>>> print(open('input.pdb').read())   # PDB, C-alpha atoms and all ligand atoms
ATOM      1  CA  MET A 262      56.270-103.322 -59.819  1.00  0.00           C
ATOM      2  CA  ALA A 263      52.816-104.368 -58.701  1.00  0.00           C
ATOM      3  CA  ARG A 264      51.306-101.802 -56.444  1.00  0.00           C
ATOM      4  CA  ASP A 265      51.853-102.772 -52.901  1.00  0.00           C
ATOM      5  CA  LEU A 266      48.415-103.151 -51.392  1.00  0.00           C
ATOM      6  CA  SER A 267      49.941-104.194 -48.068  1.00  0.00           C
ATOM      7  CA  ARG A 268      50.440-100.487 -47.419  1.00  0.00           C
ATOM      8  CA  ILE A 269      46.715-100.235 -46.845  1.00  0.00           C
ATOM      9  CA  ALA A 270      46.794-102.649 -43.911  1.00  0.00           C
ATOM     10  CA  GLU A 271      49.748-100.768 -42.414  1.00  0.00           C
ATOM     11  CA  ASN A 272      48.081 -97.399 -42.860  1.00  0.00           C
ATOM     12  CA  LEU A 273      44.848 -98.706 -41.368  1.00  0.00           C
ATOM     13  CA  ARG A 274      46.657-100.092 -38.335  1.00  0.00           C
ATOM     14  CA  GLU A 275      48.432 -96.792 -37.799  1.00  0.00           C
ATOM     15  CA  ILE A 276      45.232 -94.760 -38.117  1.00  0.00           C
ATOM     16  CA  ARG A 277      43.447 -97.035 -35.659  1.00  0.00           C
ATOM     17  CA  ARG A 278      46.339 -96.686 -33.239  1.00  0.00           C
ATOM     18  CA  ARG A 279      46.138 -92.891 -33.509  1.00  0.00           C
ATOM     19  CA  ILE A 280      42.363 -92.998 -32.997  1.00  0.00           C
ATOM     20  CA  GLY A 281      42.917 -95.140 -29.897  1.00  0.00           C
ATOM     21  CA  ASP A 282      45.532 -92.731 -28.544  1.00  0.00           C
ATOM     22  CA  ALA A 283      43.277 -89.717 -29.122  1.00  0.00           C
ATOM     23  CA  CYS A 284      40.464 -91.538 -27.312  1.00  0.00           C
ATOM     24  CA  ARG A 285      42.691 -92.308 -24.338  1.00  0.00           C
ATOM     25  CA  ARG A 286      43.845 -88.696 -24.134  1.00  0.00           C
ATOM     26  CA  SER A 287      40.230 -87.566 -23.973  1.00  0.00           C
ATOM     27  CA  ASN A 288      38.901 -90.362 -21.761  1.00  0.00           C
ATOM     28  CA  ARG A 289      36.713 -91.792 -24.475  1.00  0.00           C
ATOM     29  CA  LEU A 290      36.164 -95.367 -25.551  1.00  0.00           C
ATOM     30  CA  PRO A 291      37.621 -96.247 -28.964  1.00  0.00           C
ATOM     31  CA  SER A 292      34.295 -97.935 -29.719  1.00  0.00           C
ATOM     32  CA  ALA A 293      32.639 -94.503 -29.516  1.00  0.00           C
ATOM     33  CA  VAL A 294      34.468 -93.327 -32.645  1.00  0.00           C
ATOM     34  CA  LYS A 295      33.618 -94.747 -36.048  1.00  0.00           C
ATOM     35  CA  LEU A 296      36.133 -94.630 -38.869  1.00  0.00           C
ATOM     36  CA  VAL A 297      34.622 -93.994 -42.282  1.00  0.00           C
ATOM     37  CA  ALA A 298      37.121 -94.861 -45.007  1.00  0.00           C
ATOM     38  CA  VAL A 299      36.785 -92.225 -47.700  1.00  0.00           C
ATOM     39  CA  THR A 300      37.225 -94.010 -51.013  1.00  0.00           C
ATOM     40  CA  LYS A 301      36.434 -91.179 -53.433  1.00  0.00           C
ATOM     41  CA  TYR A 302      39.952 -91.267 -54.913  1.00  0.00           C
ATOM     42  CA  ALA A 303      40.606 -94.951 -54.288  1.00  0.00           C
ATOM     43  CA  GLU A 304      40.869 -97.473 -57.098  1.00  0.00           C
ATOM     44  CA  PRO A 305      38.446-100.386 -56.929  1.00  0.00           C
ATOM     45  CA  ASP A 306      41.173-102.877 -55.938  1.00  0.00           C
ATOM     46  CA  TRP A 307      42.195-100.624 -53.049  1.00  0.00           C
ATOM     47  CA  VAL A 308      38.607-100.613 -51.893  1.00  0.00           C
ATOM     48  CA  ARG A 309      38.432-104.408 -52.167  1.00  0.00           C
ATOM     49  CA  GLU A 310      41.609-104.642 -50.092  1.00  0.00           C
ATOM     50  CA  LEU A 311      40.066-102.415 -47.408  1.00  0.00           C
ATOM     51  CA  VAL A 312      36.920-104.505 -47.369  1.00  0.00           C
ATOM     52  CA  SER A 313      38.974-107.697 -47.046  1.00  0.00           C
ATOM     53  CA  LEU A 314      40.558-106.118 -43.959  1.00  0.00           C
ATOM     54  CA  GLY A 315      37.121-105.823 -42.417  1.00  0.00           C
ATOM     55  CA  VAL A 316      36.338-102.178 -43.140  1.00  0.00           C
ATOM     56  CA  ILE A 317      32.649-101.856 -43.927  1.00  0.00           C
ATOM     57  CA  ASP A 318      32.011 -98.121 -43.566  1.00  0.00           C
ATOM     58  CA  LEU A 319      32.955 -96.475 -46.862  1.00  0.00           C
ATOM     59  CA  GLY A 320      32.504 -92.805 -47.773  1.00  0.00           C
ATOM     60  CA  GLU A 321      31.932 -91.426 -51.258  1.00  0.00           C
ATOM     61  CA  SER A 322      31.505 -87.795 -52.250  1.00  0.00           C
ATOM     62  CA  ARG A 323      30.018 -88.181 -55.730  1.00  0.00           C
ATOM     63  CA  PRO A 324      26.541 -89.675 -56.062  1.00  0.00           C
ATOM     64  CA  GLN A 325      27.416 -91.325 -59.372  1.00  0.00           C
ATOM     65  CA  GLN A 326      30.397 -93.199 -57.957  1.00  0.00           C
ATOM     66  CA  LEU A 327      28.416 -94.424 -54.957  1.00  0.00           C
ATOM     67  CA  VAL A 328      25.584 -95.623 -57.199  1.00  0.00           C
ATOM     68  CA  GLU A 329      28.056 -97.411 -59.496  1.00  0.00           C
ATOM     69  CA  ARG A 330      30.115 -98.992 -56.768  1.00  0.00           C
ATOM     70  CA  SER A 331      27.484-100.168 -54.345  1.00  0.00           C
ATOM     71  CA  PRO A 332      26.285-103.153 -56.445  1.00  0.00           C
ATOM     72  CA  LEU A 333      29.896-104.311 -56.870  1.00  0.00           C
ATOM     73  CA  PHE A 334      30.394-104.857 -53.159  1.00  0.00           C
ATOM     74  CA  SER A 335      28.816-106.919 -50.433  1.00  0.00           C
ATOM     75  CA  LYS A 336      25.447-105.878 -49.076  1.00  0.00           C
ATOM     76  CA  ALA A 337      27.173-105.631 -45.719  1.00  0.00           C
ATOM     77  CA  ILE A 338      28.976-102.450 -46.792  1.00  0.00           C
ATOM     78  CA  ARG A 339      27.597 -99.269 -45.272  1.00  0.00           C
ATOM     79  CA  TRP A 340      27.878 -96.468 -47.818  1.00  0.00           C
ATOM     80  CA  HIS A 341      28.232 -92.983 -46.381  1.00  0.00           C
ATOM     81  CA  PHE A 342      27.552 -90.057 -48.645  1.00  0.00           C
ATOM     82  CA  ILE A 343      29.767 -87.119 -47.709  1.00  0.00           C
ATOM     83  CA  GLY A 344      29.738 -84.770 -50.722  1.00  0.00           C
ATOM     84  CA  HIS A 345      27.601 -81.956 -52.026  1.00  0.00           C
ATOM     85  CA  LEU A 346      24.258 -83.330 -53.108  1.00  0.00           C
ATOM     86  CA  GLN A 347      22.067 -81.793 -55.775  1.00  0.00           C
ATOM     87  CA  ARG A 348      18.387 -82.370 -55.249  1.00  0.00           C
ATOM     88  CA  ASN A 349      17.952 -84.215 -58.542  1.00  0.00           C
ATOM     89  CA  LYS A 350      20.626 -86.748 -57.527  1.00  0.00           C
ATOM     90  CA  ALA A 351      19.149 -87.496 -54.136  1.00  0.00           C
ATOM     91  CA  ARG A 352      16.461 -89.918 -55.219  1.00  0.00           C
ATOM     92  CA  ARG A 353      18.844 -92.668 -56.333  1.00  0.00           C
ATOM     93  CA  LEU A 354      21.000 -92.220 -53.304  1.00  0.00           C
ATOM     94  CA  LEU A 355      18.363 -92.527 -50.626  1.00  0.00           C
ATOM     95  CA  PRO A 356      17.868 -96.286 -50.796  1.00  0.00           C
ATOM     96  CA  LEU A 357      21.644 -96.915 -50.960  1.00  0.00           C
ATOM     97  CA  ALA A 358      23.236 -94.626 -48.403  1.00  0.00           C
ATOM     98  CA  THR A 359      23.369 -95.660 -44.765  1.00  0.00           C
ATOM     99  CA  LEU A 360      23.983 -92.047 -43.742  1.00  0.00           C
ATOM    100  CA  ILE A 361      24.037 -88.792 -45.706  1.00  0.00           C
ATOM    101  CA  HIS A 362      26.521 -86.549 -43.890  1.00  0.00           C
ATOM    102  CA  SER A 363      26.124 -83.493 -46.051  1.00  0.00           C
ATOM    103  CA  VAL A 364      22.608 -82.058 -45.998  1.00  0.00           C
ATOM    104  CA  ASP A 365      23.625 -78.442 -46.401  1.00  0.00           C
ATOM    105  CA  THR A 366      20.464 -76.402 -47.057  1.00  0.00           C
ATOM    106  CA  MET A 367      16.882 -76.301 -45.877  1.00  0.00           C
ATOM    107  CA  GLN A 368      15.725 -76.835 -49.488  1.00  0.00           C
ATOM    108  CA  LEU A 369      17.711 -80.064 -49.702  1.00  0.00           C
ATOM    109  CA  LEU A 370      16.438 -81.249 -46.336  1.00  0.00           C
ATOM    110  CA  ARG A 371      12.859 -80.557 -47.387  1.00  0.00           C
ATOM    111  CA  ALA A 372      13.366 -82.296 -50.746  1.00  0.00           C
ATOM    112  CA  ILE A 373      14.785 -85.385 -49.039  1.00  0.00           C
ATOM    113  CA  ASP A 374      11.900 -85.342 -46.589  1.00  0.00           C
ATOM    114  CA  ARG A 375       9.378 -85.359 -49.456  1.00  0.00           C
ATOM    115  CA  MET A 376      11.221 -88.090 -51.386  1.00  0.00           C
ATOM    116  CA  ALA A 377      11.479 -90.223 -48.284  1.00  0.00           C
ATOM    117  CA  ASP A 378       7.729 -90.034 -47.898  1.00  0.00           C
ATOM    118  CA  GLU A 379       7.208 -91.079 -51.532  1.00  0.00           C
ATOM    119  CA  LEU A 380       9.782 -93.856 -51.475  1.00  0.00           C
ATOM    120  CA  ARG A 381       8.741 -95.034 -48.037  1.00  0.00           C
ATOM    121  CA  VAL A 382      12.260 -94.946 -46.690  1.00  0.00           C
ATOM    122  CA  ARG A 383      13.558 -93.253 -43.601  1.00  0.00           C
ATOM    123  CA  PRO A 384      16.922 -91.750 -44.488  1.00  0.00           C
ATOM    124  CA  ARG A 385      19.454 -91.046 -41.786  1.00  0.00           C
ATOM    125  CA  VAL A 386      21.125 -87.696 -42.278  1.00  0.00           C
ATOM    126  CA  LEU A 387      23.496 -85.228 -40.687  1.00  0.00           C
ATOM    127  CA  LEU A 388      23.261 -81.490 -41.183  1.00  0.00           C
ATOM    128  CA  GLN A 389      26.438 -79.947 -42.534  1.00  0.00           C
ATOM    129  CA  VAL A 390      27.416 -76.782 -40.749  1.00  0.00           C
ATOM    130  CA  ASN A 391      29.801 -74.169 -42.024  1.00  0.00           C
ATOM    131  CA  ILE A 392      31.333 -73.100 -38.740  1.00  0.00           C
ATOM    132  CA  ALA A 393      34.176 -71.023 -40.122  1.00  0.00           C
ATOM    133  CA  VAL A 394      32.007 -68.908 -42.411  1.00  0.00           C
ATOM    134  CA  GLU A 395      34.856 -67.133 -44.143  1.00  0.00           C
ATOM    135  CA  THR A 396      35.557 -70.267 -46.169  1.00  0.00           C
ATOM    136  CA  ALA A 397      33.515 -70.959 -49.283  1.00  0.00           C
ATOM    137  CA  LYS A 398      32.210 -74.253 -47.967  1.00  0.00           C
ATOM    138  CA  HIS A 399      28.716 -75.592 -48.205  1.00  0.00           C
ATOM    139  CA  GLY A 400      26.576 -75.781 -45.139  1.00  0.00           C
ATOM    140  CA  PHE A 401      24.158 -74.144 -42.773  1.00  0.00           C
ATOM    141  CA  SER A 402      25.540 -71.284 -40.777  1.00  0.00           C
ATOM    142  CA  PHE A 403      25.521 -71.545 -37.005  1.00  0.00           C
ATOM    143  CA  ASP A 404      22.872 -68.826 -36.620  1.00  0.00           C
ATOM    144  CA  GLU A 405      20.719 -70.124 -39.445  1.00  0.00           C
ATOM    145  CA  LEU A 406      20.450 -73.541 -37.886  1.00  0.00           C
ATOM    146  CA  ILE A 407      19.436 -72.104 -34.541  1.00  0.00           C
ATOM    147  CA  SER A 408      16.849 -69.742 -36.026  1.00  0.00           C
ATOM    148  CA  ASP A 409      15.419 -72.372 -38.413  1.00  0.00           C
ATOM    149  CA  TRP A 410      15.374 -75.221 -35.935  1.00  0.00           C
ATOM    150  CA  THR A 411      11.596 -75.416 -35.738  1.00  0.00           C
ATOM    151  CA  THR A 412      11.425 -75.853 -39.524  1.00  0.00           C
ATOM    152  CA  VAL A 413      14.092 -78.551 -39.367  1.00  0.00           C
ATOM    153  CA  GLN A 414      12.058 -80.459 -36.826  1.00  0.00           C
ATOM    154  CA  GLU A 415       9.062 -80.463 -39.155  1.00  0.00           C
ATOM    155  CA  CYS A 416      10.894 -82.834 -41.509  1.00  0.00           C
ATOM    156  CA  ARG A 417       9.564 -85.974 -39.933  1.00  0.00           C
ATOM    157  CA  ASN A 418      10.449 -88.511 -42.616  1.00  0.00           C
ATOM    158  CA  VAL A 419      14.163 -88.126 -42.081  1.00  0.00           C
ATOM    159  CA  GLU A 420      16.126 -89.151 -39.064  1.00  0.00           C
ATOM    160  CA  ILE A 421      18.494 -86.327 -38.233  1.00  0.00           C
ATOM    161  CA  GLN A 422      21.238 -88.031 -36.289  1.00  0.00           C
ATOM    162  CA  GLY A 423      23.630 -85.157 -35.776  1.00  0.00           C
ATOM    163  CA  LEU A 424      25.941 -82.605 -37.350  1.00  0.00           C
ATOM    164  CA  MET A 425      28.886 -82.616 -39.703  1.00  0.00           C
ATOM    165  CA  THR A 426      31.552 -80.048 -40.478  1.00  0.00           C
ATOM    166  CA  MET A 427      34.695 -79.632 -42.499  1.00  0.00           C
ATOM    167  CA  ALA A 428      37.400 -77.558 -40.883  1.00  0.00           C
ATOM    168  CA  PRO A 429      39.284 -74.974 -42.918  1.00  0.00           C
ATOM    169  CA  LEU A 430      42.884 -75.640 -43.884  1.00  0.00           C
ATOM    170  CA  ALA A 431      45.292 -74.446 -41.243  1.00  0.00           C
ATOM    171  CA  ASP A 432      49.036 -74.670 -40.735  1.00  0.00           C
ATOM    172  CA  ASP A 433      48.517 -75.657 -37.139  1.00  0.00           C
ATOM    173  CA  VAL A 434      45.685 -78.065 -36.313  1.00  0.00           C
ATOM    174  CA  GLU A 435      45.285 -76.340 -32.959  1.00  0.00           C
ATOM    175  CA  GLU A 436      43.836 -73.400 -34.869  1.00  0.00           C
ATOM    176  CA  ILE A 437      40.891 -75.534 -35.901  1.00  0.00           C
ATOM    177  CA  ARG A 438      40.155 -77.025 -32.503  1.00  0.00           C
ATOM    178  CA  PRO A 439      37.655 -74.196 -31.803  1.00  0.00           C
ATOM    179  CA  VAL A 440      35.761 -75.132 -34.982  1.00  0.00           C
ATOM    180  CA  PHE A 441      35.190 -78.664 -33.728  1.00  0.00           C
ATOM    181  CA  ARG A 442      34.357 -77.416 -30.263  1.00  0.00           C
ATOM    182  CA  ARG A 443      31.779 -75.015 -31.664  1.00  0.00           C
ATOM    183  CA  LEU A 444      30.109 -77.803 -33.610  1.00  0.00           C
ATOM    184  CA  ARG A 445      29.770 -79.797 -30.408  1.00  0.00           C
ATOM    185  CA  GLU A 446      28.362 -76.787 -28.551  1.00  0.00           C
ATOM    186  CA  LEU A 447      25.898 -76.155 -31.360  1.00  0.00           C
ATOM    187  CA  ARG A 448      24.799 -79.774 -31.140  1.00  0.00           C
ATOM    188  CA  ASP A 449      24.281 -79.435 -27.392  1.00  0.00           C
ATOM    189  CA  GLU A 450      22.238 -76.294 -27.895  1.00  0.00           C
ATOM    190  CA  LEU A 451      20.030 -77.816 -30.612  1.00  0.00           C
ATOM    191  CA  ALA A 452      19.535 -81.031 -28.670  1.00  0.00           C
ATOM    192  CA  ALA A 453      18.398 -78.929 -25.693  1.00  0.00           C
ATOM    193  CA  LYS A 454      15.961 -77.030 -27.935  1.00  0.00           C
ATOM    194  CA  SER A 455      14.543 -80.382 -29.059  1.00  0.00           C
ATOM    195  CA  ALA A 456      13.797 -81.362 -25.480  1.00  0.00           C
ATOM    196  CA  GLY A 457      14.969 -84.942 -25.832  1.00  0.00           C
ATOM    197  CA  THR A 458      13.157 -85.729 -29.091  1.00  0.00           C
ATOM    198  CA  MET A 459      16.350 -85.333 -31.122  1.00  0.00           C
ATOM    199  CA  PRO A 460      19.503 -86.428 -29.335  1.00  0.00           C
ATOM    200  CA  LEU A 461      21.786 -85.561 -32.305  1.00  0.00           C
ATOM    201  CA  SER A 462      24.267 -88.094 -31.045  1.00  0.00           C
ATOM    202  CA  GLU A 463      26.551 -88.103 -34.080  1.00  0.00           C
ATOM    203  CA  LEU A 464      29.299 -85.561 -34.735  1.00  0.00           C
ATOM    204  CA  SER A 465      31.013 -86.240 -38.058  1.00  0.00           C
ATOM    205  CA  MET A 466      34.204 -84.218 -37.959  1.00  0.00           C
ATOM    206  CA  GLY A 467      37.883 -84.797 -38.634  1.00  0.00           C
ATOM    207  CA  MET A 468      39.724 -85.869 -41.786  1.00  0.00           C
ATOM    208  CA  SER A 469      43.259 -87.124 -42.436  1.00  0.00           C
ATOM    209  CA  ARG A 470      44.923 -83.947 -41.259  1.00  0.00           C
ATOM    210  CA  ASP A 471      42.850 -83.257 -38.171  1.00  0.00           C
ATOM    211  CA  PHE A 472      41.020 -86.375 -36.944  1.00  0.00           C
ATOM    212  CA  GLU A 473      42.877 -86.574 -33.640  1.00  0.00           C
ATOM    213  CA  VAL A 474      41.886 -83.050 -32.598  1.00  0.00           C
ATOM    214  CA  ALA A 475      38.334 -83.768 -33.739  1.00  0.00           C
ATOM    215  CA  ILE A 476      38.199 -86.858 -31.520  1.00  0.00           C
ATOM    216  CA  GLU A 477      39.485 -84.864 -28.566  1.00  0.00           C
ATOM    217  CA  GLU A 478      36.588 -82.459 -29.173  1.00  0.00           C
ATOM    218  CA  GLY A 479      33.942 -85.164 -29.355  1.00  0.00           C
ATOM    219  CA  ALA A 480      33.821 -86.567 -32.909  1.00  0.00           C
ATOM    220  CA  THR A 481      31.844 -89.802 -33.131  1.00  0.00           C
ATOM    221  CA  ILE A 482      32.646 -90.283 -36.827  1.00  0.00           C
ATOM    222  CA  VAL A 483      35.932 -89.431 -38.539  1.00  0.00           C
ATOM    223  CA  ARG A 484      36.216 -89.430 -42.337  1.00  0.00           C
ATOM    224  CA  VAL A 485      39.688 -90.456 -43.431  1.00  0.00           C
ATOM    225  CA  GLY A 486      40.822 -90.808 -47.032  1.00  0.00           C
ATOM    226  CA  SER A 487      44.292 -89.785 -48.130  1.00  0.00           C
ATOM    227  CA  GLU A 488      46.038 -91.072 -45.010  1.00  0.00           C
ATOM    228  CA  LEU A 489      44.624 -94.555 -45.611  1.00  0.00           C
ATOM    229  CA  PHE A 490      46.059 -94.717 -49.086  1.00  0.00           C
ATOM    230  CA  SER A 491      49.339 -92.907 -48.576  1.00  0.00           C
ATOM    231  CA  GLY A 492      52.186 -94.620 -50.371  1.00  0.00           C
ATOM    232  CA  LEU A 493      49.951 -95.954 -53.123  1.00  0.00           C
ATOM    233  CA  GLU A 494      49.774 -94.487 -56.561  1.00  0.00           C
ATOM    234  CA  ALA A 495      46.705 -94.379 -58.696  1.00  0.00           C
ATOM    235  CA  THR A 496      47.087 -95.656 -62.243  1.00  0.00           C
TER     236      THR A 496
HETATM  237  C1  LIG B 501      37.619 -86.091 -49.200  1.00  0.00           C
HETATM  238  C2  LIG B 501      36.852 -85.880 -47.980  1.00  0.00           C
HETATM  239  C3  LIG B 501      37.301 -86.402 -46.769  1.00  0.00           C
HETATM  240  C4  LIG B 501      38.604 -87.141 -46.616  1.00  0.00           C
HETATM  241  O1  LIG B 501      39.675 -86.247 -46.726  1.00  0.00           O
HETATM  242  P1  LIG B 501      41.170 -86.744 -46.526  1.00  0.00           P
HETATM  243  O2  LIG B 501      41.919 -85.490 -46.309  1.00  0.00           O
HETATM  244  O3  LIG B 501      41.539 -87.433 -47.808  1.00  0.00           O
HETATM  245  O4  LIG B 501      41.205 -87.638 -45.370  1.00  0.00           O
HETATM  246  C5  LIG B 501      36.499 -86.207 -45.650  1.00  0.00           C
HETATM  247  N1  LIG B 501      35.335 -85.546 -45.722  1.00  0.00           N
HETATM  248  C6  LIG B 501      34.886 -85.019 -46.881  1.00  0.00           C
HETATM  249  C7  LIG B 501      33.589 -84.303 -46.874  1.00  0.00           C
HETATM  250  C8  LIG B 501      35.618 -85.169 -48.041  1.00  0.00           C
HETATM  251  O5  LIG B 501      35.163 -84.643 -49.181  1.00  0.00           O
END
>>> encode(input="input.pdb", output="structure tokens")
Amino acid sequence: MARDLSRIAENLREIRRRIGDACRRSNRLPSAVKLVAVTKYAEPDWVRELVSLGVIDLGESRPQQLVERSPLFSKAIRWHFIGHLQRNKARRLLPLATLIHSVDTMQLLRAIDRMADELRVRPRVLLQVNIAVETAKHGFSFDELISDWTTVQECRNVEIQGLMTMAPLADDVEEIRPVFRRLRELRDELAAKSAGTMPLSELSMGMSRDFEVAIEEGATIVRVGSELFSGLEAT
């Protein structure tokens, strides 16, 4: 049987409904939360189906796949890079990515800053924070970001728009609510340290299993993959 791409429209509708409900519960406008469709495991025809449904924010976690896919799709697509980025892969990504969510070390931030100067681009980035430090995830630690904030602010060729985190796996999503809350508090603290020069308005947090809690805690961007494609099978 042909794979039933209509599942994608159904899944998308359901996710948008759940985003809307989470916004209502937390007195936020649905327009304040952007859905990034994570296509890292999606087949090209699934991605085309999503695009035909009007989704233009797509997230990829491997530089190679983003570089290969971007010329195949409309220029209107906004490609979000959400994966671990090695410095030697950054150069090709900078002109293509609308937002790099996953700047996870000071060395990477500095390297991007230098490349941006050379390439005469102004990349938009988020700093990835490892809030629950016991997990082996990439990212700045909470304390590191606070103590190194002056150095961060010296990177003037990048536009640091906010913070990103990945929550640890948990049986109960309520266990990870404090992780999202702490990211928001960290943002507030850093924005205050920047005295209005860096509003850090974006909080990229929440994936398929936890996006509703993330929205309740202030997410402005949720990154949803598997839930969008549930019911479809890759070939
Ligand atoms: C894969 C991935 C997602 C999407 O995860 P799902 O559980 O499939 O929704 C979100 N963010 C990052 C950084 C990812 O690597």
>>> resolve_selection(input="input.pdb", expression="the PyMOL selection byres (((chain A and resi 366-376) around 8) and not hetatm)", output="VMD selection string")
chain A and resid 347 to 348 351 to 352 364 to 365 377 to 380 400 to 401 413 416 to 419
>>> write_last_selection(input="input.pdb", atoms="C-alpha atoms", output="compact mmCIF listing (two decimals), keeping the file's coordinate frame")
# COMPACT_ATOMS: atom_id res chain seq x y z
CA GLN A 347 22.07 -81.79 -55.78
CA ARG A 348 18.39 -82.37 -55.25
CA ALA A 351 19.15 -87.50 -54.14
CA ARG A 352 16.46 -89.92 -55.22
CA VAL A 364 22.61 -82.06 -46.00
CA ASP A 365 23.62 -78.44 -46.40
CA ALA A 377 11.48 -90.22 -48.28
CA ASP A 378 7.73 -90.03 -47.90
CA GLU A 379 7.21 -91.08 -51.53
CA LEU A 380 9.78 -93.86 -51.48
CA GLY A 400 26.58 -75.78 -45.14
CA PHE A 401 24.16 -74.14 -42.77
CA VAL A 413 14.09 -78.55 -39.37
CA CYS A 416 10.89 -82.83 -41.51
CA ARG A 417 9.56 -85.97 -39.93
CA ASN A 418 10.45 -88.51 -42.62
CA VAL A 419 14.16 -88.13 -42.08
>>> closest_residue(input="input.pdb", among="A:Pro324, A:Gly315, A:Gly486, A:Pro439", to="ligand LIG 501 (chain B)", atoms="only C-alpha atoms and all ligand atoms")
A:Gly486
>>> atom_distance(input="input.pdb", atom1="atom CA of Arg484 of chain A", atom2="atom CA of Val297 of chain A")
4.8 Å
>>> closest_residue(input="input.pdb", among="A:Leu327, A:Leu461, A:Leu333, A:Val390", to="Leu357 of chain A", atoms="all atoms listed in the file")
A:Leu327
>>> residues_near_ligand(input="input.pdb", ligand="ligand LIG 501 (chain B)", cutoff="7 Å", atoms="all atoms listed in the file", output="PyMOL selection string")
chain A and resi 299+301+322+343-344+427+468-470+484-488
>>> closest_residue(input="input.pdb", among="A:Leu314, A:Ile276, A:Ala283, A:Leu319", to="Ile476 of chain A", atoms="only C-alpha atoms")
A:Ala283
>>> axis_aligned_box(input="input.pdb", around="segment 372-382 of chain A", padding_each_side="4 Å", output="lines of an AutoDock Vina configuration file")
center_x = 11.0
center_y = -88.7
center_z = -49.1
size_x = 15.6
size_y = 20.7
size_z = 12.9
>>> atom_distance(input="input.pdb", atom1="atom CA of Cys284 of chain A", atom2="atom CA of Ser402 of chain A")
28.5 Å
>>> resolve_selection(input="input.pdb", expression="the PyMOL selection byres (((chain A and resi 384) around 7) and not hetatm)", output="PyMOL selection string")
chain A and resi 355+377+382-383+385-386+419-420
>>> atom_distance(input="input.pdb", atom1="atom CA of Thr426 of chain A", atom2="atom CA of Met466 of chain A")
5.5 Å
>>> residues_around(input="input.pdb", residues="Lys295 of chain A", least_positions_apart="5", cutoff="12 Å", atoms="all atoms listed in the file", output="PyMOL selection string")
chain A and resi 276-277+280-281+284+290+316-320+339+341+463-467+472+476+479-485
>>> residues_around(input="input.pdb", residues="Leu447 of chain A", least_positions_apart="2", cutoff="10 Å", atoms="only C-alpha atoms", output="list in words")
Val390, Ile392, Phe403, Asp404, Leu406, Ile407, Leu424, Phe441, Arg442, Arg443, Leu444, Arg445, Asp449, Glu450, Leu451, Ala452 and Ala453 of chain A
>>> residues_around(input="input.pdb", residues="segment 490-493 of chain A", least_positions_apart="5", cutoff="9 Å", atoms="only C-alpha atoms", output="PDB file with C-alpha atoms, keeping the file's coordinate frame")
ATOM      1  CA  ARG A 264      51.306-101.802 -56.444  1.00  0.00           C
ATOM      2  CA  ASP A 265      51.853-102.772 -52.901  1.00  0.00           C
ATOM      3  CA  LEU A 266      48.415-103.151 -51.392  1.00  0.00           C
ATOM      4  CA  ARG A 268      50.440-100.487 -47.419  1.00  0.00           C
ATOM      5  CA  ILE A 269      46.715-100.235 -46.845  1.00  0.00           C
ATOM      6  CA  ASN A 272      48.081 -97.399 -42.860  1.00  0.00           C
ATOM      7  CA  LEU A 273      44.848 -98.706 -41.368  1.00  0.00           C
ATOM      8  CA  ALA A 303      40.606 -94.951 -54.288  1.00  0.00           C
ATOM      9  CA  TRP A 307      42.195-100.624 -53.049  1.00  0.00           C
TER      10      TRP A 307
END
